[in-house]
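Asker: For reference, this is final.txt, and it has compact mmCIF, C-alpha atoms and all ligand atoms.
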```txt
# COMPACT_ATOMS: atom_id res chain seq x y z
CA MET F 1 64.29 135.91 168.81
CA LYS F 2 64.14 132.22 167.93
CA ILE F 3 66.65 129.40 167.68
CA SER F 4 67.03 128.59 163.99
CA ASP F 5 69.82 125.99 163.98
CA VAL F 6 72.00 123.82 166.21
CA LYS F 7 75.28 122.42 164.87
CA CYS F 8 77.57 119.97 166.63
CA HIS F 9 81.26 119.83 165.71
CA VAL F 10 83.13 116.67 166.66
CA LEU F 11 86.76 117.69 167.04
CA VAL F 12 89.69 115.35 167.64
CA ALA F 13 93.32 116.47 167.63
CA ASP F 14 95.43 114.81 164.94
CA ASP F 15 97.97 113.67 167.56
CA PHE F 16 95.43 112.24 170.02
CA ASP F 17 96.40 109.16 171.98
CA PRO F 18 93.67 107.26 173.84
CA GLY F 19 96.30 106.00 176.32
CA LEU F 20 96.96 109.49 177.63
CA THR F 21 95.14 110.88 180.65
CA SER F 22 93.71 113.94 178.96
CA SER F 23 90.17 114.60 177.81
CA ALA F 24 91.31 117.85 176.17
CA GLN F 25 92.42 115.93 173.10
CA ASP F 26 88.88 116.16 171.76
CA SER F 27 85.95 118.55 171.94
CA LEU F 28 82.24 118.73 171.31
CA LEU F 29 81.67 122.28 170.07
CA VAL F 30 78.00 123.23 169.88
CA VAL F 31 76.94 126.25 167.82
CA VAL F 32 73.41 127.56 168.35
CA THR F 33 72.20 130.07 165.76
CA THR F 34 69.24 132.44 165.99
CA ASP F 35 66.99 134.05 163.39
CA GLU F 36 68.60 137.37 164.35
CA GLY F 37 72.01 136.08 163.30
CA ILE F 38 73.50 135.71 166.80
CA GLU F 39 75.67 132.62 167.31
CA GLY F 40 76.32 131.06 170.70
CA TYR F 41 79.13 128.62 171.49
CA GLY F 42 79.14 125.81 174.02
CA GLU F 43 81.32 122.81 174.79
CA SER F 44 81.23 119.74 176.93
CA ASP F 45 83.73 117.25 178.22
CA LEU F 46 82.43 113.95 176.91
CA ASN F 47 83.20 111.77 173.92
CA PRO F 48 82.17 114.18 171.15
CA TRP F 49 80.59 111.52 168.92
CA ILE F 50 78.36 110.49 171.83
CA GLY F 51 77.60 114.14 172.57
CA ARG F 52 76.62 114.82 168.98
CA ALA F 53 74.30 111.82 168.94
CA CYS F 54 72.69 112.97 172.20
CA ILE F 55 71.80 116.30 170.56
CA GLU F 56 71.03 115.25 166.98
CA ALA F 57 69.15 111.98 167.48
CA PRO F 58 65.48 112.47 166.57
CA GLY F 59 62.87 111.80 169.21
CA THR F 60 60.69 108.70 169.16
CA HIS F 61 58.18 109.18 172.00
CA THR F 62 56.94 111.63 174.63
CA MET F 63 59.75 111.08 177.16
CA GLY F 64 62.39 110.43 174.56
CA LEU F 65 62.31 113.54 172.41
CA GLY F 66 65.29 114.90 170.47
CA VAL F 67 67.38 117.72 171.98
CA ARG F 68 67.88 119.54 168.69
CA GLU F 69 64.21 119.21 167.85
CA LEU F 70 63.27 120.64 171.24
CA LEU F 71 65.51 123.65 170.63
CA ILE F 72 64.46 124.74 167.15
CA GLY F 73 61.94 127.59 167.29
CA ARG F 74 62.42 128.30 171.01
CA ASP F 75 63.38 131.69 172.47
CA PRO F 76 67.10 131.33 173.32
CA LEU F 77 66.74 133.82 176.18
CA ASP F 78 64.27 131.53 177.92
CA ILE F 79 67.21 129.51 179.22
CA GLU F 80 65.74 127.92 182.33
CA SER F 81 62.50 126.84 180.64
CA VAL F 82 64.36 125.43 177.65
CA TRP F 83 66.69 123.52 180.00
CA ASN F 84 63.79 122.15 182.04
CA ASP F 85 61.91 121.03 178.93
CA ILE F 86 64.93 119.20 177.54
CA TYR F 87 65.69 117.65 180.95
CA THR F 88 62.07 116.48 181.23
CA TYR F 89 61.34 115.33 177.69
CA THR F 90 64.60 113.40 177.27
CA ALA F 91 64.30 111.78 180.70
CA MET F 92 64.10 108.16 179.58
CA ASN F 93 67.47 108.52 177.81
CA GLY F 94 68.94 111.28 179.90
CA ARG F 95 68.33 112.60 183.44
CA ARG F 96 72.01 111.84 184.13
CA GLY F 97 75.18 111.19 182.17
CA ALA F 98 75.84 111.91 178.51
CA VAL F 99 72.58 113.66 177.62
CA ILE F 100 72.99 116.06 180.56
CA HIS F 101 76.65 116.69 179.63
CA ALA F 102 75.54 117.51 176.06
CA LEU F 103 72.75 119.70 177.43
CA GLY F 104 75.48 121.56 179.34
CA ALA F 105 77.10 122.56 176.04
CA VAL F 106 73.73 123.72 174.67
CA GLU F 107 72.94 125.75 177.79
CA MET F 108 76.41 127.37 177.68
CA ALA F 109 75.68 128.45 174.09
CA LEU F 110 72.33 129.95 175.18
CA TRP F 111 74.11 132.07 177.82
CA ASP F 112 76.57 133.17 175.13
CA ILE F 113 73.61 134.30 172.99
CA ALA F 114 71.97 136.03 175.96
CA GLY F 115 75.16 137.99 176.67
CA LYS F 116 75.63 138.94 173.04
CA ALA F 117 71.98 140.04 172.77
CA ALA F 118 72.32 142.18 175.91
CA GLY F 119 75.79 143.50 174.98
CA LYS F 120 77.11 142.28 178.34
CA PRO F 121 79.51 139.61 179.54
CA VAL F 122 77.66 136.56 180.85
CA TRP F 123 78.89 137.02 184.43
CA GLN F 124 76.98 140.32 184.61
CA LEU F 125 73.73 138.53 183.72
CA LEU F 126 74.06 135.94 186.49
CA GLY F 127 72.71 138.16 189.23
CA SER F 128 75.47 138.16 191.82
CA ARG F 129 79.01 139.44 192.16
CA ARG F 130 82.15 138.66 194.08
CA ASP F 131 84.54 141.18 195.60
CA THR F 132 87.58 138.93 195.63
CA PRO F 133 89.73 138.09 192.59
CA VAL F 134 89.20 134.98 190.47
CA VAL F 135 92.34 132.91 190.97
CA PRO F 136 93.09 130.14 188.50
CA TYR F 137 95.20 127.16 189.41
CA ALA F 138 97.57 125.65 186.88
CA SER F 139 96.45 122.10 186.24
CA LEU F 140 99.45 119.99 185.35
CA GLN F 141 99.43 116.56 183.73
CA PRO F 142 102.97 115.63 182.72
CA GLY F 143 104.05 113.14 180.11
CA GLY F 144 106.50 110.34 180.85
CA LYS F 145 106.19 106.59 181.20
CA THR F 146 108.64 106.00 184.05
CA PHE F 147 108.44 107.41 187.57
CA GLU F 148 111.56 109.52 187.12
CA ALA F 149 110.44 110.97 183.78
CA TYR F 150 106.95 111.69 185.13
CA ARG F 151 108.25 113.31 188.33
CA ASP F 152 110.80 115.45 186.50
CA ALA F 153 108.26 116.61 183.89
CA LEU F 154 105.73 117.47 186.61
CA CYS F 155 108.29 119.39 188.68
CA LEU F 156 109.49 121.25 185.58
CA SER F 157 105.91 122.31 184.74
CA ALA F 158 105.26 123.26 188.38
CA ASP F 159 108.35 125.46 188.32
CA LYS F 160 107.22 127.10 185.08
CA ALA F 161 103.75 127.68 186.55
CA ARG F 162 105.40 129.37 189.53
CA GLN F 163 107.40 131.57 187.17
CA LEU F 164 104.23 132.46 185.23
CA GLY F 165 102.80 133.80 188.47
CA PHE F 166 100.29 131.09 189.40
CA ARG F 167 99.35 131.13 193.09
CA ALA F 168 98.07 127.57 192.98
CA VAL F 169 99.09 124.42 191.16
CA LYS F 170 97.45 121.02 190.83
CA ALA F 171 99.65 117.99 190.49
CA GLU F 172 98.05 115.11 188.61
CA CYS F 173 99.50 112.08 190.39
CA THR F 174 98.19 109.58 187.91
CA MET F 175 100.67 106.75 188.09
CA ALA F 176 98.39 103.83 189.01
CA GLY F 177 94.72 102.89 189.08
CA PRO F 178 92.05 103.10 186.38
CA TYR F 179 93.13 106.55 185.19
CA ALA F 180 96.86 105.68 185.07
CA HIS F 181 98.76 107.71 182.52
CA ASP F 182 100.24 105.87 179.56
CA GLY F 183 100.15 102.40 181.15
CA MET F 184 101.99 103.40 184.33
CA ASN F 185 101.68 101.27 187.47
CA GLU F 186 103.80 102.80 190.21
CA SER F 187 103.68 101.95 193.92
CA HIS F 188 101.70 104.06 196.34
CA GLU F 189 104.94 105.11 198.08
CA ARG F 190 106.03 106.71 194.85
CA HIS F 191 102.85 108.79 194.86
CA THR F 192 104.08 110.19 198.18
CA ASP F 193 107.53 110.82 196.69
CA LEU F 194 105.89 112.66 193.80
CA VAL F 195 103.83 114.97 196.02
CA ALA F 196 106.94 115.67 198.13
CA ALA F 197 108.95 116.58 195.02
CA VAL F 198 106.28 118.99 193.73
CA ARG F 199 105.94 120.69 197.13
CA GLU F 200 109.71 121.13 197.28
CA THR F 201 109.70 122.64 193.78
CA LEU F 202 106.92 125.09 194.58
CA GLY F 203 108.14 126.22 198.00
CA PRO F 204 105.73 126.96 200.85
CA GLU F 205 103.85 129.95 199.39
CA ILE F 206 101.96 128.36 196.49
CA ALA F 207 98.80 126.36 197.15
CA LEU F 208 99.23 122.71 196.17
CA LEU F 209 96.22 120.70 195.02
CA VAL F 210 96.70 116.98 194.45
CA ASP F 211 94.63 114.71 192.19
CA VAL F 212 95.10 110.93 192.38
CA GLN F 213 92.19 110.15 190.05
CA TYR F 214 90.30 107.29 191.71
CA VAL F 215 93.38 105.21 192.51
CA TRP F 216 91.81 103.61 195.61
CA ARG F 217 88.60 101.73 196.30
CA ASP F 218 88.50 101.85 200.11
CA ALA F 219 89.43 104.25 202.91
CA GLU F 220 91.86 101.93 204.66
CA THR F 221 94.11 101.43 201.62
CA ALA F 222 93.97 105.12 200.76
CA TYR F 223 94.79 106.13 204.32
CA ALA F 224 97.84 103.86 204.42
CA THR F 225 99.39 106.09 201.74
CA VAL F 226 97.99 109.57 202.42
CA ARG F 227 98.08 109.56 206.25
CA ASP F 228 101.25 111.71 206.27
CA TRP F 229 100.39 114.00 203.37
CA GLY F 230 99.34 116.69 205.86
CA GLU F 231 103.03 117.67 206.01
CA PHE F 232 102.86 118.75 202.35
CA ASP F 233 100.21 121.34 203.26
CA ILE F 234 97.85 120.37 200.44
CA TYR F 235 94.74 122.44 199.74
CA PHE F 236 92.77 119.33 198.82
CA LEU F 237 93.11 115.74 197.71
CA GLU F 238 90.97 115.12 194.61
CA THR F 239 89.09 111.92 193.88
CA PRO F 240 91.06 109.47 196.05
CA ILE F 241 88.23 106.90 195.86
CA TRP F 242 86.02 105.57 193.08
CA PRO F 243 82.96 107.88 192.94
CA ASP F 244 80.31 105.25 193.65
CA PHE F 245 81.90 104.28 196.97
CA LEU F 246 80.58 107.24 198.92
CA ASP F 247 80.71 105.61 202.34
CA GLU F 248 84.40 104.80 201.91
CA HIS F 249 84.92 108.38 200.74
CA ALA F 250 83.22 109.70 203.88
CA LYS F 251 85.31 107.37 206.05
CA LEU F 252 88.55 108.65 204.54
CA ALA F 253 87.41 112.27 204.91
CA LYS F 254 87.13 111.75 208.68
CA LEU F 255 90.67 110.36 208.91
CA VAL F 256 92.76 112.85 206.96
CA PRO F 257 93.77 116.40 207.99
CA PHE F 258 92.94 117.94 204.59
CA PRO F 259 89.68 118.21 202.60
CA LEU F 260 88.70 115.74 199.90
CA ALA F 261 87.49 117.14 196.58
CA SER F 262 85.19 115.44 194.08
CA GLY F 263 82.38 115.96 191.58
CA GLU F 264 84.02 116.39 188.14
CA TRP F 265 81.99 113.61 186.49
CA LEU F 266 78.62 114.34 188.06
CA SER F 267 75.57 115.52 186.18
CA THR F 268 72.81 117.64 187.75
CA LYS F 269 72.55 119.00 191.26
CA TRP F 270 70.80 115.79 192.29
CA GLU F 271 74.03 113.80 192.04
CA PHE F 272 75.76 116.42 194.16
CA VAL F 273 73.17 115.95 196.91
CA ASP F 274 74.45 112.41 197.38
CA LEU F 275 78.10 113.42 197.21
CA ILE F 276 77.66 116.25 199.72
CA GLU F 277 75.29 114.50 202.13
CA ARG F 278 76.89 111.07 202.16
CA GLY F 279 80.37 111.47 200.76
CA GLY F 280 81.92 113.75 203.38
CA ILE F 281 83.17 116.02 200.64
CA GLY F 282 85.22 119.09 201.62
CA VAL F 283 85.56 120.88 198.26
CA VAL F 284 82.87 120.70 195.56
CA GLN F 285 83.95 120.35 191.93
CA PRO F 286 81.19 120.73 189.34
CA ASP F 287 82.30 120.79 185.69
CA VAL F 288 80.11 123.40 183.99
CA GLY F 289 79.46 121.38 180.83
CA ARG F 290 79.09 117.97 182.45
CA VAL F 291 76.85 119.08 185.31
CA GLY F 292 74.37 120.43 182.77
CA GLY F 293 75.44 124.05 182.21
CA ILE F 294 76.01 127.33 184.01
CA GLY F 295 72.61 127.29 185.72
CA GLU F 296 73.07 123.80 187.11
CA ALA F 297 76.62 124.66 188.23
CA ARG F 298 75.19 127.68 190.05
CA ALA F 299 72.67 125.46 191.81
CA VAL F 300 75.54 123.26 193.00
CA CYS F 301 77.46 126.36 194.16
CA GLY F 302 74.35 127.37 196.13
CA MET F 303 74.17 123.97 197.84
CA ALA F 304 77.86 124.21 198.71
CA ALA F 305 77.45 127.74 200.10
CA GLU F 306 74.61 126.62 202.39
CA ARG F 307 77.03 124.12 203.93
CA GLY F 308 80.04 126.41 204.01
CA LEU F 309 81.94 124.35 201.43
CA PRO F 310 84.24 126.00 198.88
CA VAL F 311 83.76 125.27 195.18
CA VAL F 312 86.64 124.67 192.77
CA PRO F 313 85.10 123.94 189.36
CA HIS F 314 86.63 121.26 187.19
CA CYS F 315 87.58 122.27 183.63
CA TRP F 316 89.98 120.27 181.49
CA LYS F 317 89.02 121.58 178.11
CA THR F 318 89.44 124.45 175.65
CA GLY F 319 88.91 128.20 176.05
CA VAL F 320 85.14 127.76 175.55
CA SER F 321 84.60 125.76 178.74
CA LEU F 322 87.26 127.75 180.55
CA SER F 323 85.40 130.97 179.71
CA ALA F 324 82.09 129.57 180.95
CA THR F 325 83.83 128.54 184.18
CA ALA F 326 85.39 131.97 184.63
CA HIS F 327 82.05 133.74 184.07
CA LEU F 328 80.49 131.47 186.69
CA ALA F 329 83.31 132.35 189.09
CA PHE F 330 82.94 136.10 188.59
CA ALA F 331 79.34 135.76 189.78
CA THR F 332 79.99 133.31 192.63
CA PRO F 333 81.76 134.34 195.85
CA GLY F 334 82.29 130.76 197.12
CA ILE F 335 84.59 129.69 194.29
CA SER F 336 88.11 129.64 195.74
CA PHE F 337 90.00 128.65 192.58
CA ILE F 338 89.13 127.71 189.02
CA GLU F 339 90.93 125.00 187.08
CA TYR F 340 93.06 126.37 184.26
CA LEU F 341 95.01 124.44 181.68
CA PRO F 342 97.84 126.85 180.83
CA PRO F 343 98.28 126.76 177.04
CA GLN F 344 102.02 127.30 177.52
CA LEU F 345 102.32 124.16 179.64
CA CYS F 346 99.99 121.69 177.95
CA ILE F 347 100.38 119.41 174.95
CA GLU F 348 96.72 119.55 173.91
CA LYS F 349 96.39 121.22 170.51
CA LEU F 350 92.69 122.00 170.90
CA ARG F 351 93.35 123.88 174.15
CA ARG F 352 95.95 125.96 172.38
CA GLU F 353 94.23 126.42 169.03
CA LEU F 354 90.42 126.13 169.15
CA ALA F 355 89.38 129.29 170.96
CA THR F 356 90.71 132.62 172.14
CA GLU F 357 89.15 133.62 175.42
CA ASP F 358 88.63 137.09 176.86
CA LEU F 359 90.56 136.22 180.02
CA VAL F 360 93.65 138.23 180.87
CA PHE F 361 95.85 136.44 183.39
CA GLU F 362 98.05 138.79 185.41
CA ASN F 363 99.65 138.64 188.86
CA GLY F 364 98.08 135.25 189.48
CA GLU F 365 94.53 136.53 188.86
CA ILE F 366 92.10 136.69 185.95
CA HIS F 367 90.61 140.07 185.06
CA ALA F 368 86.85 140.19 184.66
CA PRO F 369 85.94 139.59 181.00
CA THR F 370 84.36 142.57 179.26
CA LYS F 371 83.27 141.27 175.83
CA PRO F 372 79.58 140.39 175.31
CA GLY F 373 78.56 136.77 175.95
CA LEU F 374 81.27 134.30 176.85
CA GLY F 375 83.77 136.46 174.94
CA VAL F 376 85.11 133.53 172.96
CA GLU F 377 86.50 133.74 169.43
CA ILE F 378 86.46 130.40 167.60
CA ASN F 379 89.35 129.57 165.29
CA TRP F 380 87.41 128.11 162.34
CA ASP F 381 90.64 126.85 160.75
CA ALA F 382 91.09 124.60 163.78
CA VAL F 383 87.46 123.43 163.50
CA LYS F 384 88.15 122.53 159.88
CA ALA F 385 91.47 120.88 160.64
CA TYR F 386 90.24 118.70 163.53
CA GLY F 387 86.59 118.26 162.51
CA GLN F 388 85.36 114.66 162.13
CA PRO F 389 82.57 113.39 159.88
MG MG F 401 90.48 115.17 188.33
```
Kindly transcribe the structure held in the file into structure tokens.
Answerer:
Amino acid sequence: MKISDVKCHVLVADDFDPGLTSSAQDSLLVVVTTDEGIEGYGESDLNPWIGRACIEAPGTHTMGLGVRELLIGRDPLDIESVWNDIYTYTAMNGRRGAVIHALGAVEMALWDIAGKAAGKPVWQLLGSRRDTPVVPYASLQPGGKTFEAYRDALCLSADKARQLGFRAVKAECTMAGPYAHDGMNESHERHTDLVAAVRETLGPEIALLVDVQYVWRDAETAYATVRDWGEFDIYFLETPIWPDFLDEHAKLAKLVPFPLASGEWLSTKWEFVDLIERGGIGVVQPDVGRVGGIGEARAVCGMAAERGLPVVPHCWKTGVSLSATAHLAFATPGISFIEYLPPQLCIEKLRRELATEDLVFENGEIHAPTKPGLGVEINWDAVKAYGQP
């Protein structure tokens, strides 16, 4: 079998708003086709125009070859070799960042093809199993421009997530800092008030994950706010500090009574070496597309397992990425939760409309997918409706 075509769909929801803190308003959907008529689907969480350019740009020299050109004619089942060749021969433009994120979408599509060719779900091809359920957490980013509106919307969603049966909820406390939602700039005390309100809404039984999205730049300032958050019994605090300030991150990790989580933006296992060795990280968060694909995410999970660290993959995207993340989890014992954007509780049209995944959510768990490949059905009407030239 040979790869005969690679198509990149740039998708942007018609109601997108660049001021909102949600990267699920767009999608880079990659479709890899083979000469045997099998189609594989992949997706990555980066600006889709940039992602398309990373894949479609022709090569100009030995270490700056084109991703699409490197794929055409290759055996799609030769996933690791294809990945290594693209990683190597795009190195002067890639190695990290956007090219690796785009490569993640390509690699995801190759696994989809491999599963479809074998007639098996991808998780069964990954070579290991888990004997505990895959538990998704409801990832909640509310709307609202004022503190009161934001808090009430978040608590309402948290309550709905509880009623839907989620055993874990993540509160996006994104009211200040570079990632601030819709121009908000609330005090750090109000971040504490917000976490308290969500914990009260959930009650003591549901795991509470908190994401403050890089609001602080140093450990001392962060600690002044989060020193008492132990009383909220949080499972982790995500990205309290800007990701390049690893020493400050490590300093904060030593001070607080809960683990710090990070890694959503990183590409390749090599970036995770720094985060794990220097950053004092307590929970590892690769994003399957951004890190470079399922294989690279597995390498990160292996590094985490060697150090006894749990993995909670990041995934703020459509059913394509969510499926890839779930397949990874079904083959990886160290994944404690997976991120899940509940379609019932999110505003993002692409999450709701682009793909139907083979993931049945029941009693707070996801059943193991059974369809071949990633088990994703693409809604081509949505591709047409949101597709960009
Ligand atoms: Mg985050």
Asker: Set the cut-off to 8 Å, count all atoms listed in the file, and list whatever residues fall near ligand MG 401 (chain F) as a CSV table (one decimal) with C-alpha atoms, in the frame of the given file.
Answerer:
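Contents of selection-v2.csv, freshly written:
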```
chain,number,residue,atom,x,y,z
F,172,GLU,CA,98.0,115.1,188.6
F,211,ASP,CA,94.6,114.7,192.2
F,212,VAL,CA,95.1,110.9,192.4
F,213,GLN,CA,92.2,110.2,190.0
F,238,GLU,CA,91.0,115.1,194.6
F,239,THR,CA,89.1,111.9,193.9
F,262,SER,CA,85.2,115.4,194.1
F,264,GLU,CA,84.0,116.4,188.1
F,314,HIS,CA,86.6,121.3,187.2
```
Asker: When you look at F:Leu374 with a cut-off of 7 Å (counting all atoms listed in the file), what residues show up, excluding the ones that are within fewer than 4 positions of it in the same chain? I need them as a list in words.
Answerer: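 The residues that qualify are Asp112, Pro121, Val122, Ser323 and Ala324 of chain F.
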Asker: Neighbouring residues of F:Tyr41 were defined as those with any atom within 7 Å, considering only C-alpha atoms; residues of the same chain fewer than 2 positions away were excluded. Please report them as a list in words.
Answerer: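 Answer for this query is Leu29, Val30, Val31, Val32, Glu39, Met108, Ala109 and Asp112 of chain F.
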Asker: Which residues are near F:His327? Cut-off 10 Å, only C-alpha atoms, ignore same chain within fewer than 2 positions. Put them as a ChimeraX atom specification.
Answerer: /F:121-126,134,294,321-325,329-332,359,368-369,373-375
Asker: In Å to one decimal, how far is atom CA of F:Asp5 from atom CA of F:Pro48?
Answerer: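 Taking atom CA of F:Pro48 and atom CA of F:Asp5, their separation equals 18.5 Å.
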Asker: Check the smallest atom-to-atom distance from each of F:Leu71, F:Ala171, F:Leu77, F:Gly183 to F:Pro18 using all atoms listed in the file, then report the winner.
Answerer: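 Result for the nearest residue to F:Pro18: F:Gly183.
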Asker: If you take only C-alpha atoms and a cut-off of 10 Å, which residues of stretch 191-308 of chain F touch stretch 175-181 of chain F, and what are their nearest atom pairs and distances in Å to one decimal, in chain and number order, as JSON lines?
Answerer:
```
{"residue": "F:His191", "atom": "CA", "partner": "F:Met175", "partner_atom": "CA", "distance": 7.4}
{"residue": "F:Leu194", "atom": "CA", "partner": "F:Met175", "partner_atom": "CA", "distance": 9.7}
{"residue": "F:Val212", "atom": "CA", "partner": "F:Met175", "partner_atom": "CA", "distance": 8.2}
{"residue": "F:Gln213", "atom": "CA", "partner": "F:Tyr179", "partner_atom": "CA", "distance": 6.1}
{"residue": "F:Tyr214", "atom": "CA", "partner": "F:Gly177", "partner_atom": "CA", "distance": 6.8}
{"residue": "F:Val215", "atom": "CA", "partner": "F:Gly177", "partner_atom": "CA", "distance": 4.4}
{"residue": "F:Trp216", "atom": "CA", "partner": "F:Gly177", "partner_atom": "CA", "distance": 7.2}
{"residue": "F:Arg217", "atom": "CA", "partner": "F:Gly177", "partner_atom": "CA", "distance": 9.5}
{"residue": "F:Trp242", "atom": "CA", "partner": "F:Pro178", "partner_atom": "CA", "distance": 9.3}
```
Asker: The selected residues should be written to file as an mmCIF file, in the frame of the given file (atoms: C-alpha atoms).
Answerer:
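Final output, selection-v4.cif:
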```cif
data_model
loop_
_atom_site.group_PDB
_atom_site.id
_atom_site.type_symbol
_atom_site.label_atom_id
_atom_site.label_comp_id
_atom_site.auth_asym_id
_atom_site.auth_seq_id
_atom_site.Cartn_x
_atom_site.Cartn_y
_atom_site.Cartn_z
ATOM 1 C CA HIS F 191 102.850 108.790 194.860
ATOM 2 C CA LEU F 194 105.890 112.660 193.800
ATOM 3 C CA VAL F 212 95.100 110.930 192.380
ATOM 4 C CA GLN F 213 92.190 110.150 190.050
ATOM 5 C CA TYR F 214 90.300 107.290 191.710
ATOM 6 C CA VAL F 215 93.380 105.210 192.510
ATOM 7 C CA TRP F 216 91.810 103.610 195.610
ATOM 8 C CA ARG F 217 88.600 101.730 196.300
ATOM 9 C CA TRP F 242 86.020 105.570 193.080
#
```
Asker: Fewer than 3 positions away in the same chain doesn't count, so skip those; otherwise give me all residues within 12 Å of F:Arg307, counting only C-alpha atoms, as a list in words.
Answerer: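 Here the answer would be Val273, Ile276, Glu277, Gly280, Ile281, Gly282, Val283, Val284, Val300, Cys301, Gly302, Met303, Ala304, Pro310, Val311 and Gly334 of chain F.
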Asker: Can you work out which one of F:Asp233, F:Glu377, F:Glu148, F:Asp287 has the shortest atom-to-atom distance to F:Leu46, counting all atoms listed in the file?
Answerer: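 Among F:Asp233, F:Glu377, F:Glu148, F:Asp287, it is F:Asp287 that comes nearest to F:Leu46.
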